[in-house]
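So this one's my_file12.cif, mmCIF, C-alpha atoms and all ligand atoms:
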data_final
#
loop_
_atom_site.group_PDB
_atom_site.id
_atom_site.type_symbol
_atom_site.label_atom_id
_atom_site.label_comp_id
_atom_site.auth_asym_id
_atom_site.auth_seq_id
_atom_site.Cartn_x
_atom_site.Cartn_y
_atom_site.Cartn_z
ATOM 1 C CA MET N 1 12.458 -6.411 39.647
ATOM 2 C CA ALA N 2 9.557 -5.539 41.956
ATOM 3 C CA SER N 3 7.979 -8.969 42.138
ATOM 4 C CA ARG N 4 9.028 -12.460 41.228
ATOM 5 C CA PRO N 5 6.823 -13.823 38.475
ATOM 6 C CA LYS N 6 5.359 -17.236 39.266
ATOM 7 C CA VAL N 7 5.183 -19.265 36.071
ATOM 8 C CA SER N 8 2.690 -21.828 37.343
ATOM 9 C CA GLU N 9 0.292 -19.134 38.586
ATOM 10 C CA MET N 10 0.453 -17.337 35.253
ATOM 11 C CA MET N 11 -0.299 -20.556 33.343
ATOM 12 C CA LEU N 12 -3.343 -21.195 35.522
ATOM 13 C CA ALA N 13 -4.648 -17.669 35.025
ATOM 14 C CA PHE N 14 -4.091 -17.834 31.253
ATOM 15 C CA ASP N 15 -5.821 -21.191 31.051
ATOM 16 C CA GLU N 16 -8.921 -19.452 32.341
ATOM 17 C CA HIS N 17 -8.384 -16.413 30.089
ATOM 18 C CA VAL N 18 -8.017 -18.501 26.912
ATOM 19 C CA ALA N 19 -11.081 -20.629 27.745
ATOM 20 C CA GLU N 20 -13.140 -17.511 28.415
ATOM 21 C CA GLN N 21 -12.051 -15.768 25.207
ATOM 22 C CA LEU N 22 -12.714 -18.808 23.042
ATOM 23 C CA LYS N 23 -16.156 -19.343 24.566
ATOM 24 C CA ALA N 24 -17.412 -15.850 23.878
ATOM 25 C CA THR N 25 -18.301 -14.694 20.375
ATOM 26 C CA PRO N 26 -16.810 -11.218 20.197
ATOM 27 C CA GLU N 27 -19.215 -8.414 19.569
ATOM 28 C CA VAL N 28 -18.617 -6.446 16.364
ATOM 29 C CA LEU N 29 -19.760 -2.831 16.166
ATOM 30 C CA THR N 30 -19.938 -1.300 12.702
ATOM 31 C CA THR N 31 -18.346 2.113 13.016
ATOM 32 C CA GLU N 32 -18.798 4.995 10.571
ATOM 33 C CA GLY N 33 -16.395 7.884 10.095
ATOM 34 C CA GLU N 34 -12.728 8.108 10.816
ATOM 35 C CA ILE N 35 -10.682 5.691 12.869
ATOM 36 C CA ASP N 36 -9.987 7.035 16.361
ATOM 37 C CA VAL N 37 -7.719 4.858 18.504
ATOM 38 C CA ALA N 38 -9.379 6.282 21.628
ATOM 39 C CA ASP N 39 -12.629 4.616 20.481
ATOM 40 C CA LEU N 40 -11.108 1.138 20.366
ATOM 41 C CA PHE N 41 -12.128 -1.216 23.172
ATOM 42 C CA ILE N 42 -9.705 -2.882 25.539
ATOM 43 C CA ASN N 43 -10.270 -5.770 27.996
ATOM 44 C CA VAL N 44 -13.770 -6.499 26.617
ATOM 45 C CA PRO N 45 -14.448 -8.803 23.647
ATOM 46 C CA LYS N 46 -15.696 -5.948 21.460
ATOM 47 C CA TRP N 47 -14.255 -5.037 18.077
ATOM 48 C CA ARG N 48 -14.997 -2.015 15.922
ATOM 49 C CA LYS N 49 -15.583 -2.714 12.244
ATOM 50 C CA TYR N 50 -14.532 -0.153 9.639
ATOM 51 C CA ALA N 51 -15.638 -0.611 6.033
ATOM 52 C CA LYS N 52 -13.311 -0.346 3.023
ATOM 53 C CA VAL N 53 -10.068 0.564 4.760
ATOM 54 C CA SER N 54 -7.105 1.170 2.461
ATOM 55 C CA CYS N 55 -3.694 0.244 3.836
ATOM 56 C CA VAL N 56 -0.279 1.400 2.594
ATOM 57 C CA PHE N 57 2.685 -0.563 3.867
ATOM 58 C CA ALA N 58 6.217 0.834 3.368
ATOM 59 C CA ASP N 59 9.239 -1.277 4.210
ATOM 60 C CA LEU N 60 12.892 -0.305 3.903
ATOM 61 C CA ALA N 61 14.689 -2.732 1.559
ATOM 62 C CA GLY N 62 17.880 -4.487 2.583
ATOM 63 C CA SER N 63 17.861 -3.027 6.058
ATOM 64 C CA THR N 64 19.518 -6.125 7.536
ATOM 65 C CA ASN N 65 22.420 -5.604 5.122
ATOM 66 C CA LEU N 66 22.693 -1.993 6.221
ATOM 67 C CA ARG N 67 24.202 -3.223 9.465
ATOM 68 C CA LYS N 68 27.032 -5.094 7.808
ATOM 69 C CA GLY N 69 30.356 -3.347 8.137
ATOM 70 C CA ARG N 70 28.925 -0.095 9.369
ATOM 71 C CA TRP N 71 28.804 1.640 12.666
ATOM 72 C CA GLU N 72 25.587 1.160 14.579
ATOM 73 C CA ALA N 73 25.079 4.900 14.630
ATOM 74 C CA SER N 74 25.090 5.052 10.819
ATOM 75 C CA THR N 75 22.414 2.367 10.583
ATOM 76 C CA ALA N 76 20.374 4.150 13.223
ATOM 77 C CA SER N 77 20.662 7.408 11.304
ATOM 78 C CA ILE N 78 19.503 5.679 8.102
ATOM 79 C CA TYR N 79 16.450 4.303 9.963
ATOM 80 C CA GLU N 80 15.559 7.700 11.339
ATOM 81 C CA SER N 81 16.180 9.568 8.095
ATOM 82 C CA ALA N 82 14.106 7.027 6.125
ATOM 83 C CA VAL N 83 11.193 6.152 8.398
ATOM 84 C CA ARG N 84 10.244 9.587 9.720
ATOM 85 C CA PRO N 85 9.533 11.019 6.231
ATOM 86 C CA ALA N 86 7.408 7.930 5.440
ATOM 87 C CA VAL N 87 5.301 8.648 8.529
ATOM 88 C CA VAL N 88 5.037 12.359 7.679
ATOM 89 C CA ILE N 89 3.878 11.444 4.148
ATOM 90 C CA LEU N 90 1.180 9.070 5.479
ATOM 91 C CA ASP N 91 0.023 11.855 7.814
ATOM 92 C CA GLU N 92 0.022 14.513 5.063
ATOM 93 C CA PHE N 93 -2.240 12.332 2.915
ATOM 94 C CA GLY N 94 -4.641 12.070 5.864
ATOM 95 C CA ALA N 95 -4.031 8.555 7.211
ATOM 96 C CA ASP N 96 -6.416 7.842 10.111
ATOM 97 C CA PHE N 97 -3.957 5.532 11.816
ATOM 98 C CA ILE N 98 -0.189 5.135 11.449
ATOM 99 C CA ASP N 99 2.004 2.477 13.000
ATOM 100 C CA ILE N 100 5.778 2.004 12.898
ATOM 101 C CA GLN N 101 7.205 -1.510 13.004
ATOM 102 C CA GLY N 102 11.004 -1.309 13.058
ATOM 103 C CA ASP N 103 12.077 -0.099 9.634
ATOM 104 C CA ALA N 104 8.545 -0.296 8.229
ATOM 105 C CA ALA N 105 5.490 1.914 8.589
ATOM 106 C CA PHE N 106 1.879 1.498 7.567
ATOM 107 C CA GLY N 107 -1.090 3.798 7.344
ATOM 108 C CA LEU N 108 -4.836 3.151 7.314
ATOM 109 C CA PHE N 109 -7.171 5.371 5.304
ATOM 110 C CA VAL N 110 -10.977 5.633 5.452
ATOM 111 C CA GLY N 111 -13.485 8.183 4.197
ATOM 112 C CA ASP N 112 -13.535 10.448 1.159
ATOM 113 C CA TYR N 113 -11.123 9.444 -1.617
ATOM 114 C CA SER N 114 -9.329 7.237 0.890
ATOM 115 C CA ARG N 115 -8.259 4.736 -1.754
ATOM 116 C CA SER N 116 -6.773 7.514 -3.919
ATOM 117 C CA ARG N 117 -5.064 9.135 -0.932
ATOM 118 C CA ALA N 118 -3.533 5.804 0.065
ATOM 119 C CA ILE N 119 -2.218 5.183 -3.467
ATOM 120 C CA CYS N 120 -0.746 8.702 -3.674
ATOM 121 C CA ALA N 121 0.891 8.320 -0.243
ATOM 122 C CA GLY N 122 2.485 5.065 -1.432
ATOM 123 C CA ILE N 123 3.830 6.650 -4.630
ATOM 124 C CA THR N 124 5.140 9.616 -2.616
ATOM 125 C CA ILE N 125 7.059 7.408 -0.141
ATOM 126 C CA LYS N 126 8.541 5.526 -3.085
ATOM 127 C CA THR N 127 9.486 8.833 -4.731
ATOM 128 C CA PHE N 128 11.142 10.033 -1.513
ATOM 129 C CA GLY N 129 13.222 6.844 -1.371
ATOM 130 C CA GLU N 130 14.324 7.146 -4.969
ATOM 131 C CA GLN N 131 14.785 10.908 -5.376
ATOM 132 C CA VAL N 132 15.929 11.994 -1.899
ATOM 133 C CA LEU N 133 17.069 9.155 0.376
ATOM 134 C CA VAL N 134 19.198 7.083 -2.005
ATOM 135 C CA PRO N 135 20.996 10.098 -3.594
ATOM 136 C CA ALA N 136 21.835 11.340 -0.062
ATOM 137 C CA LEU N 137 23.250 7.925 0.921
ATOM 138 C CA HIS N 138 25.306 7.821 -2.280
ATOM 139 C CA LYS N 139 26.690 11.262 -1.495
ATOM 140 C CA LYS N 140 27.645 10.263 2.054
ATOM 141 C CA TRP N 141 29.183 6.887 1.130
ATOM 142 C CA PRO N 142 30.247 7.367 -2.528
ATOM 143 C CA ASN N 143 32.443 4.256 -2.635
ATOM 144 C CA ASP N 144 30.109 1.838 -0.902
ATOM 145 C CA PRO N 145 26.589 3.239 -0.721
ATOM 146 C CA PRO N 146 24.070 1.094 1.212
ATOM 147 C CA GLU N 147 21.571 -0.550 -1.131
ATOM 148 C CA THR N 148 18.118 0.448 0.010
ATOM 149 C CA GLY N 149 14.837 2.127 -0.926
ATOM 150 C CA PHE N 150 11.200 1.591 -0.017
ATOM 151 C CA LYS N 151 9.156 -1.452 -0.997
ATOM 152 C CA ILE N 152 5.495 -0.407 -1.018
ATOM 153 C CA GLY N 153 2.330 -2.484 -0.788
ATOM 154 C CA CYS N 154 -1.289 -1.365 -0.936
ATOM 155 C CA ALA N 155 -4.540 -3.272 -0.267
ATOM 156 C CA ILE N 156 -8.139 -2.656 0.811
ATOM 157 C CA SER N 157 -10.702 -4.532 2.926
ATOM 158 C CA ASP N 158 -13.012 -4.160 5.895
ATOM 159 C CA LEU N 159 -11.013 -4.194 9.131
ATOM 160 C CA LEU N 160 -11.771 -5.050 12.741
ATOM 161 C CA GLY N 161 -9.901 -3.068 15.375
ATOM 162 C CA LYS N 162 -9.400 -3.332 19.110
ATOM 163 C CA LYS N 163 -6.677 -2.657 21.635
ATOM 164 C CA ILE N 164 -4.903 -5.663 23.117
ATOM 165 C CA GLY N 165 -2.541 -5.636 26.077
ATOM 166 C CA ILE N 166 -2.666 -4.256 29.608
ATOM 167 C CA SER N 167 -5.036 -1.343 30.063
ATOM 168 C CA GLY N 168 -3.874 1.671 32.043
ATOM 169 C CA THR N 169 -0.231 1.106 31.059
ATOM 170 C CA ALA N 170 1.918 1.731 27.982
ATOM 171 C CA HIS N 171 1.744 -2.002 27.238
ATOM 172 C CA ASN N 172 -1.219 -2.112 24.912
ATOM 173 C CA ALA N 173 -1.619 -1.392 21.211
ATOM 174 C CA PRO N 174 -4.282 -1.398 18.505
ATOM 175 C CA VAL N 175 -4.594 -4.678 16.636
ATOM 176 C CA TRP N 176 -6.195 -4.939 13.191
ATOM 177 C CA ALA N 177 -7.882 -8.094 11.972
ATOM 178 C CA GLY N 178 -8.721 -8.336 8.280
ATOM 179 C CA ARG N 179 -7.031 -8.562 4.928
ATOM 180 C CA ALA N 180 -5.936 -4.972 4.218
ATOM 181 C CA VAL N 181 -2.904 -4.799 6.546
ATOM 182 C CA ASN N 182 -1.871 -8.402 5.964
ATOM 183 C CA TYR N 183 -2.142 -8.141 2.161
ATOM 184 C CA ALA N 184 -0.449 -4.727 1.974
ATOM 185 C CA ALA N 185 2.469 -6.241 3.931
ATOM 186 C CA LYS N 186 2.532 -9.253 1.554
ATOM 187 C CA CYS N 187 2.612 -6.923 -1.476
ATOM 188 C CA SER N 188 5.488 -4.993 0.089
ATOM 189 C CA GLN N 189 7.416 -8.229 0.782
ATOM 190 C CA GLN N 190 7.072 -9.233 -2.871
ATOM 191 C CA ALA N 191 8.386 -5.860 -4.140
ATOM 192 C CA GLN N 192 11.985 -4.744 -4.704
ATOM 193 C CA ALA N 193 13.332 -1.356 -3.626
ATOM 194 C CA HIS N 194 11.468 1.500 -5.395
ATOM 195 C CA GLU N 195 8.588 -0.772 -6.447
ATOM 196 C CA MET N 196 4.949 -0.556 -5.413
ATOM 197 C CA ILE N 197 2.622 -3.570 -5.657
ATOM 198 C CA VAL N 198 -1.154 -3.300 -5.241
ATOM 199 C CA THR N 199 -3.918 -5.893 -4.930
ATOM 200 C CA LYS N 200 -6.697 -6.311 -7.502
ATOM 201 C CA PRO N 201 -9.289 -3.929 -5.971
ATOM 202 C CA ILE N 202 -6.641 -1.184 -5.783
ATOM 203 C CA ALA N 203 -5.445 -2.010 -9.324
ATOM 204 C CA GLU N 204 -8.999 -1.555 -10.620
ATOM 205 C CA ALA N 205 -9.174 1.949 -9.134
ATOM 206 C CA ILE N 206 -5.813 2.781 -10.726
ATOM 207 C CA GLN N 207 -6.918 1.548 -14.162
ATOM 208 C CA ASP N 208 -9.964 3.813 -13.916
ATOM 209 C CA ASN N 209 -7.818 6.874 -13.248
ATOM 210 C CA GLU N 210 -5.870 8.347 -16.163
ATOM 211 C CA TYR N 211 -3.682 10.444 -13.839
ATOM 212 C CA LEU N 212 -2.490 7.254 -12.145
ATOM 213 C CA PHE N 213 -2.409 4.800 -15.016
ATOM 214 C CA TYR N 214 -0.690 6.761 -17.809
ATOM 215 C CA SER N 215 2.574 8.699 -17.898
ATOM 216 C CA CYS N 216 2.394 12.496 -17.765
ATOM 217 C CA GLU N 217 2.525 15.145 -20.473
ATOM 218 C CA CYS N 218 6.329 15.290 -20.164
ATOM 219 C CA ALA N 219 6.601 11.924 -21.920
ATOM 220 C CA ASP N 220 6.487 11.819 -25.736
ATOM 221 C CA SER N 221 3.257 9.893 -25.841
ATOM 222 C CA PRO N 222 1.315 8.474 -22.896
ATOM 223 C CA VAL N 223 2.388 4.984 -21.839
ATOM 224 C CA GLU N 224 0.891 2.634 -19.275
ATOM 225 C CA LEU N 225 2.924 2.965 -16.060
ATOM 226 C CA TRP N 226 1.563 -0.128 -14.291
ATOM 227 C CA LYS N 227 2.163 -3.760 -15.241
ATOM 228 C CA ASP N 228 0.138 -6.821 -14.277
ATOM 229 C CA ARG N 229 1.528 -8.709 -11.297
ATOM 230 C CA THR N 230 0.187 -11.872 -9.683
ATOM 231 C CA ILE N 231 0.430 -11.610 -5.908
ATOM 232 C CA GLU N 232 1.399 -14.770 -4.038
ATOM 233 C CA LYS N 233 -0.190 -15.937 -0.773
ATOM 234 C CA VAL N 234 -3.384 -13.878 -1.042
ATOM 235 C CA ALA N 235 -6.981 -14.872 -1.793
ATOM 236 C CA GLU N 236 -8.254 -15.226 -5.373
ATOM 237 C CA THR N 237 -10.165 -11.921 -5.005
ATOM 238 C CA ASP N 238 -6.909 -9.977 -4.604
ATOM 239 C CA LYS N 239 -4.367 -11.973 -6.652
ATOM 240 C CA ALA N 240 -4.529 -10.149 -9.994
ATOM 241 C CA GLY N 241 -2.669 -7.012 -8.923
ATOM 242 C CA MET N 242 -0.343 -4.532 -10.569
ATOM 243 C CA ILE N 243 3.173 -3.197 -10.073
ATOM 244 C CA LEU N 244 4.597 0.316 -10.490
ATOM 245 C CA SER N 245 8.285 1.038 -10.959
ATOM 246 C CA SER N 246 8.206 4.765 -11.745
ATOM 247 C CA SER N 247 7.894 7.673 -9.298
ATOM 248 C CA TRP N 248 6.156 11.075 -9.422
ATOM 249 C CA CYS N 249 7.370 13.348 -12.202
ATOM 250 C CA LYS N 250 9.190 16.343 -10.659
ATOM 251 C CA ARG N 251 7.089 18.705 -12.767
ATOM 252 C CA CYS N 252 3.654 17.058 -12.611
ATOM 253 C CA GLY N 253 3.694 15.277 -9.210
ATOM 254 C CA ASP N 254 2.088 18.150 -7.263
ATOM 255 C CA SER N 255 -0.815 18.780 -9.610
ATOM 256 C CA TYR N 256 -1.452 15.089 -10.352
ATOM 257 C CA SER N 257 -1.563 14.008 -6.707
ATOM 258 C CA GLU N 258 -3.844 16.949 -5.888
ATOM 259 C CA LYS N 259 -6.216 16.017 -8.716
ATOM 260 C CA ILE N 260 -6.227 12.306 -7.811
ATOM 261 C CA CYS N 261 -6.913 13.013 -4.126
ATOM 262 C CA SER N 262 -9.865 15.247 -4.974
ATOM 263 C CA GLY N 263 -11.573 12.737 -7.238
ATOM 264 C CA SER N 264 -10.396 13.703 -10.745
ATOM 265 C CA TRP N 265 -9.755 10.842 -13.135
ATOM 266 C CA LYS N 266 -10.070 12.170 -16.690
ATOM 267 C CA ARG N 267 -7.109 13.980 -18.207
ATOM 268 C CA PRO N 268 -8.000 16.664 -20.791
ATOM 269 C CA ASP N 269 -4.610 16.187 -22.481
ATOM 270 C CA LEU N 270 -5.538 12.584 -23.238
ATOM 271 C CA ASP N 271 -8.680 13.389 -25.283
ATOM 272 C CA GLU N 272 -6.851 12.852 -28.560
ATOM 273 C CA PHE N 273 -5.045 9.751 -27.273
ATOM 274 C CA ARG N 274 -8.345 8.256 -26.087
ATOM 275 C CA MET N 275 -9.863 8.880 -29.529
ATOM 276 C CA SER N 276 -6.921 7.208 -31.265
ATOM 277 C CA GLU N 277 -7.194 4.225 -28.885
ATOM 278 C CA VAL N 278 -10.878 3.871 -29.783
ATOM 279 C CA LYS N 279 -10.049 4.239 -33.493
ATOM 280 C CA ASP N 280 -7.305 1.659 -33.097
ATOM 281 C CA LYS N 281 -9.675 -0.859 -31.541
ATOM 282 C CA TYR N 282 -12.313 -0.133 -34.197
ATOM 283 C CA GLN N 283 -9.713 -0.588 -36.938
ATOM 284 C CA LYS N 284 -8.712 -3.955 -35.452
ATOM 285 C CA VAL N 285 -12.364 -5.061 -35.553
ATOM 286 C CA LEU N 286 -12.618 -3.930 -39.203
ATOM 287 C CA ASN N 287 -9.380 -5.726 -40.134
ATOM 288 C CA PHE N 288 -10.577 -8.894 -38.441
ATOM 289 C CA ARG N 289 -13.886 -8.716 -40.270
ATOM 290 C CA ASP N 290 -12.109 -8.151 -43.606
ATOM 291 C CA SER N 291 -9.722 -11.055 -43.129
ATOM 292 C CA ASN N 292 -12.606 -13.271 -42.064
ATOM 293 C CA ALA N 293 -14.527 -12.290 -45.176
ATOM 294 C CA LYS N 294 -11.495 -13.099 -47.350
ATOM 295 C CA GLN N 295 -11.061 -16.468 -45.667
ATOM 296 C CA ILE N 296 -14.725 -17.261 -46.171
ATOM 297 C CA ARG N 297 -14.378 -16.314 -49.835
ATOM 298 C CA ARG N 298 -11.311 -18.570 -50.102
ATOM 299 C CA GLY N 299 -13.434 -21.347 -48.679
ATOM 300 C CA ILE N 300 -11.411 -21.788 -45.511
ATOM 301 C CA TYR N 301 -14.502 -21.427 -43.377
ATOM 302 C CA GLY N 302 -17.556 -23.504 -44.148
HETATM 303 ZN ZN ZN N 401 5.545 15.333 -15.954
#

Would it be possible to restate this file's structure as structure tokens?
Ligand SMILES: [Zn+2]
Amino acid sequence: MASRPKVSEMMLAFDEHVAEQLKATPEVLTTEGEIDVADLFINVPKWRKYAKVSCVFADLAGSTNLRKGRWEASTASIYESAVRPAVVILDEFGADFIDIQGDAAFGLFVGDYSRSRAICAGITIKTFGEQVLVPALHKKWPNDPPETGFKIGCAISDLLGKKIGISGTAHNAPVWAGRAVNYAAKCSQQAQAHEMIVTKPIAEAIQDNEYLFYSCECADSPVELWKDRTIEKVAETDKAGMILSSSWCKRCGDSYSEKICSGSWKRPDLDEFRMSEVKDKYQKVLNFRDSNAKQIRRGIYG
């Protein structure tokens, strides 16, 4: 060690630092365009504010159990084989910022179709876990395959960003204040392996997109892929979320994700289905009216 740290001197210096930081109201600069880490301030109380940032959080399930009874090298190889593809997927879908935290990774998306790109990245990581990673682990350890898979969360909010740490060294990192990262992590914590949970504002975008909300043409008739899910420990605005258990269809995944990420939402193959849904609703109204009329005639009402 080059120098001997003096605890009492550090405490004195930090006393001043904390007082100074708490006194000043940090300046917030609204920043348009993509997130560039090089733009983030360090050492000064200045934060950049980015509007409507979508966050995808991907966490490897059961990773603490992976260590049990296995060689360290095997666990390390599972980490590497699982986390790198998650990062590549976030990058391919155009994440502005990607961070790795142990066996988890998250990506931040802003700009054109950022919400759709974030959702598609999440589904793709989940698909990788289910269709590639887990089958490979089962092949390698057929008798006792490690139980794992990605747990995905997705949320959106404005975010404040700045770098915290020691400038001019490797010991500083971007820090994000705001709901998106926190809530995406909470969604991921509340998911099981191969599940994706999204907050209410993300769920609303999914419900408005037929490529995301309904099963593909390969299914007999379109079914809703997402179920309602109440998210714990988040604000009322985000609570009423949804959960997805299925992955991309091997046949339709490419074309669907491309359409979703370029702003398409209406599926031509669902024209007939949409009409029958409308008819169905209309029929229900008619039936209700008829039964009401009968009840009125029978003197139940009035
Ligand atoms: Zn399909």

*Considering all atoms listed in the file, state which residue in the set N:Pro85, N:Gly161, N:Gly111, N:Gly94 is at the smallest distance from Gly129 in chain N.*
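Checking each candidate against Gly129 in chain N, we get N:Pro85 as the closest.
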
Check what the PyMOL selection byres (((chain N and resi 243) around 10) and not hetatm) selects in the file above and give those residues as a CSV table (one decimal) with C-alpha atoms, in the frame of the given file.
chain,number,residue,atom,x,y,z
N,152,ILE,CA,5.5,-0.4,-1.0
N,153,GLY,CA,2.3,-2.5,-0.8
N,187,CYS,CA,2.6,-6.9,-1.5
N,191,ALA,CA,8.4,-5.9,-4.1
N,195,GLU,CA,8.6,-0.8,-6.4
N,196,MET,CA,4.9,-0.6,-5.4
N,197,ILE,CA,2.6,-3.6,-5.7
N,198,VAL,CA,-1.2,-3.3,-5.2
N,199,THR,CA,-3.9,-5.9,-4.9
N,203,ALA,CA,-5.4,-2.0,-9.3
N,225,LEU,CA,2.9,3.0,-16.1
N,226,TRP,CA,1.6,-0.1,-14.3
N,227,LYS,CA,2.2,-3.8,-15.2
N,228,ASP,CA,0.1,-6.8,-14.3
N,229,ARG,CA,1.5,-8.7,-11.3
N,230,THR,CA,0.2,-11.9,-9.7
N,231,ILE,CA,0.4,-11.6,-5.9
N,241,GLY,CA,-2.7,-7.0,-8.9
N,242,MET,CA,-0.3,-4.5,-10.6
N,244,LEU,CA,4.6,0.3,-10.5
N,245,SER,CA,8.3,1.0,-11.0
N,246,SER,CA,8.2,4.8,-11.7

*Between CA of Ser77 in chain N and CA of Glu130 in chain N, what is the distance, to one decimal in Å?*
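Rounded to one decimal, the two atoms are 17.5 Å apart.
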
*asked:* To one decimal place in Å, what is the distance between CA of Val28 in chain N and CA of Phe57 in chain N?
replied: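 The value is 25.4 Å.
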
Taking all atoms of range 170-177 of chain N that the file lists and extending 8 Å past them on each side, where is the centre of the axis-aligned box and how long are its edges? Answer in Å to one decimal, as lines of an AutoDock Vina configuration file.
center_x = -3.0
center_y = -3.2
center_z = 20.0
size_x = 25.8
size_y = 25.8
size_z = 32.0

Rebuild range 120-140 of chain N so that it carries N, CA and C atoms, then output the result as a PDB file, keeping the file's coordinate frame.
ATOM      1  N   CYS N 120      -1.657   7.554  -3.511  1.00  0.00           N
ATOM      2  CA  CYS N 120      -0.746   8.702  -3.674  1.00  0.00           C
ATOM      3  C   CYS N 120       0.308   8.726  -2.563  1.00  0.00           C
ATOM      4  N   ALA N 121      -0.080   8.372  -1.342  1.00  0.00           N
ATOM      5  CA  ALA N 121       0.891   8.320  -0.243  1.00  0.00           C
ATOM      6  C   ALA N 121       1.967   7.285  -0.563  1.00  0.00           C
ATOM      7  N   GLY N 122       1.545   6.127  -1.071  1.00  0.00           N
ATOM      8  CA  GLY N 122       2.485   5.065  -1.432  1.00  0.00           C
ATOM      9  C   GLY N 122       3.469   5.533  -2.501  1.00  0.00           C
ATOM     10  N   ILE N 123       2.956   6.172  -3.545  1.00  0.00           N
ATOM     11  CA  ILE N 123       3.830   6.650  -4.630  1.00  0.00           C
ATOM     12  C   ILE N 123       4.794   7.713  -4.092  1.00  0.00           C
ATOM     13  N   THR N 124       4.307   8.535  -3.156  1.00  0.00           N
ATOM     14  CA  THR N 124       5.140   9.616  -2.616  1.00  0.00           C
ATOM     15  C   THR N 124       6.283   9.063  -1.750  1.00  0.00           C
ATOM     16  N   ILE N 125       5.998   8.022  -0.963  1.00  0.00           N
ATOM     17  CA  ILE N 125       7.059   7.408  -0.141  1.00  0.00           C
ATOM     18  C   ILE N 125       8.132   6.800  -1.049  1.00  0.00           C
ATOM     19  N   LYS N 126       7.655   6.123  -2.092  1.00  0.00           N
ATOM     20  CA  LYS N 126       8.541   5.526  -3.085  1.00  0.00           C
ATOM     21  C   LYS N 126       9.407   6.603  -3.749  1.00  0.00           C
ATOM     22  N   THR N 127       8.781   7.717  -4.091  1.00  0.00           N
ATOM     23  CA  THR N 127       9.486   8.833  -4.731  1.00  0.00           C
ATOM     24  C   THR N 127      10.546   9.400  -3.784  1.00  0.00           C
ATOM     25  N   PHE N 128      10.179   9.543  -2.516  1.00  0.00           N
ATOM     26  CA  PHE N 128      11.142  10.033  -1.513  1.00  0.00           C
ATOM     27  C   PHE N 128      12.370   9.117  -1.466  1.00  0.00           C
ATOM     28  N   GLY N 129      12.123   7.802  -1.436  1.00  0.00           N
ATOM     29  CA  GLY N 129      13.222   6.844  -1.371  1.00  0.00           C
ATOM     30  C   GLY N 129      14.164   6.977  -2.564  1.00  0.00           C
ATOM     31  N   GLU N 130      13.560   7.143  -3.729  1.00  0.00           N
ATOM     32  CA  GLU N 130      14.324   7.146  -4.969  1.00  0.00           C
ATOM     33  C   GLU N 130      15.005   8.497  -5.227  1.00  0.00           C
ATOM     34  N   GLN N 131      14.282   9.584  -4.970  1.00  0.00           N
ATOM     35  CA  GLN N 131      14.785  10.908  -5.376  1.00  0.00           C
ATOM     36  C   GLN N 131      15.534  11.644  -4.270  1.00  0.00           C
ATOM     37  N   VAL N 132      15.300  11.260  -3.006  1.00  0.00           N
ATOM     38  CA  VAL N 132      15.929  11.994  -1.899  1.00  0.00           C
ATOM     39  C   VAL N 132      16.865  11.095  -1.081  1.00  0.00           C
ATOM     40  N   LEU N 133      16.301   9.988  -0.557  1.00  0.00           N
ATOM     41  CA  LEU N 133      17.069   9.155   0.376  1.00  0.00           C
ATOM     42  C   LEU N 133      18.311   8.531  -0.274  1.00  0.00           C
ATOM     43  N   VAL N 134      18.089   7.803  -1.375  1.00  0.00           N
ATOM     44  CA  VAL N 134      19.198   7.083  -2.005  1.00  0.00           C
ATOM     45  C   VAL N 134      20.291   8.039  -2.513  1.00  0.00           C
ATOM     46  N   PRO N 135      19.940   9.155  -3.194  1.00  0.00           N
ATOM     47  CA  PRO N 135      20.996  10.098  -3.594  1.00  0.00           C
ATOM     48  C   PRO N 135      21.801  10.621  -2.394  1.00  0.00           C
ATOM     49  N   ALA N 136      21.124  10.847  -1.260  1.00  0.00           N
ATOM     50  CA  ALA N 136      21.835  11.340  -0.062  1.00  0.00           C
ATOM     51  C   ALA N 136      22.802  10.280   0.466  1.00  0.00           C
ATOM     52  N   LEU N 137      22.377   9.013   0.451  1.00  0.00           N
ATOM     53  CA  LEU N 137      23.250   7.925   0.921  1.00  0.00           C
ATOM     54  C   LEU N 137      24.460   7.760  -0.008  1.00  0.00           C
ATOM     55  N   HIS N 138      24.212   7.943  -1.305  1.00  0.00           N
ATOM     56  CA  HIS N 138      25.306   7.821  -2.280  1.00  0.00           C
ATOM     57  C   HIS N 138      26.318   8.946  -2.096  1.00  0.00           C
ATOM     58  N   LYS N 139      25.811  10.114  -1.705  1.00  0.00           N
ATOM     59  CA  LYS N 139      26.690  11.262  -1.495  1.00  0.00           C
ATOM     60  C   LYS N 139      27.547  11.037  -0.243  1.00  0.00           C
ATOM     61  N   LYS N 140      26.920  10.462   0.789  1.00  0.00           N
ATOM     62  CA  LYS N 140      27.645  10.263   2.054  1.00  0.00           C
ATOM     63  C   LYS N 140      28.662   9.116   1.950  1.00  0.00           C
TER      64      LYS N 140
END
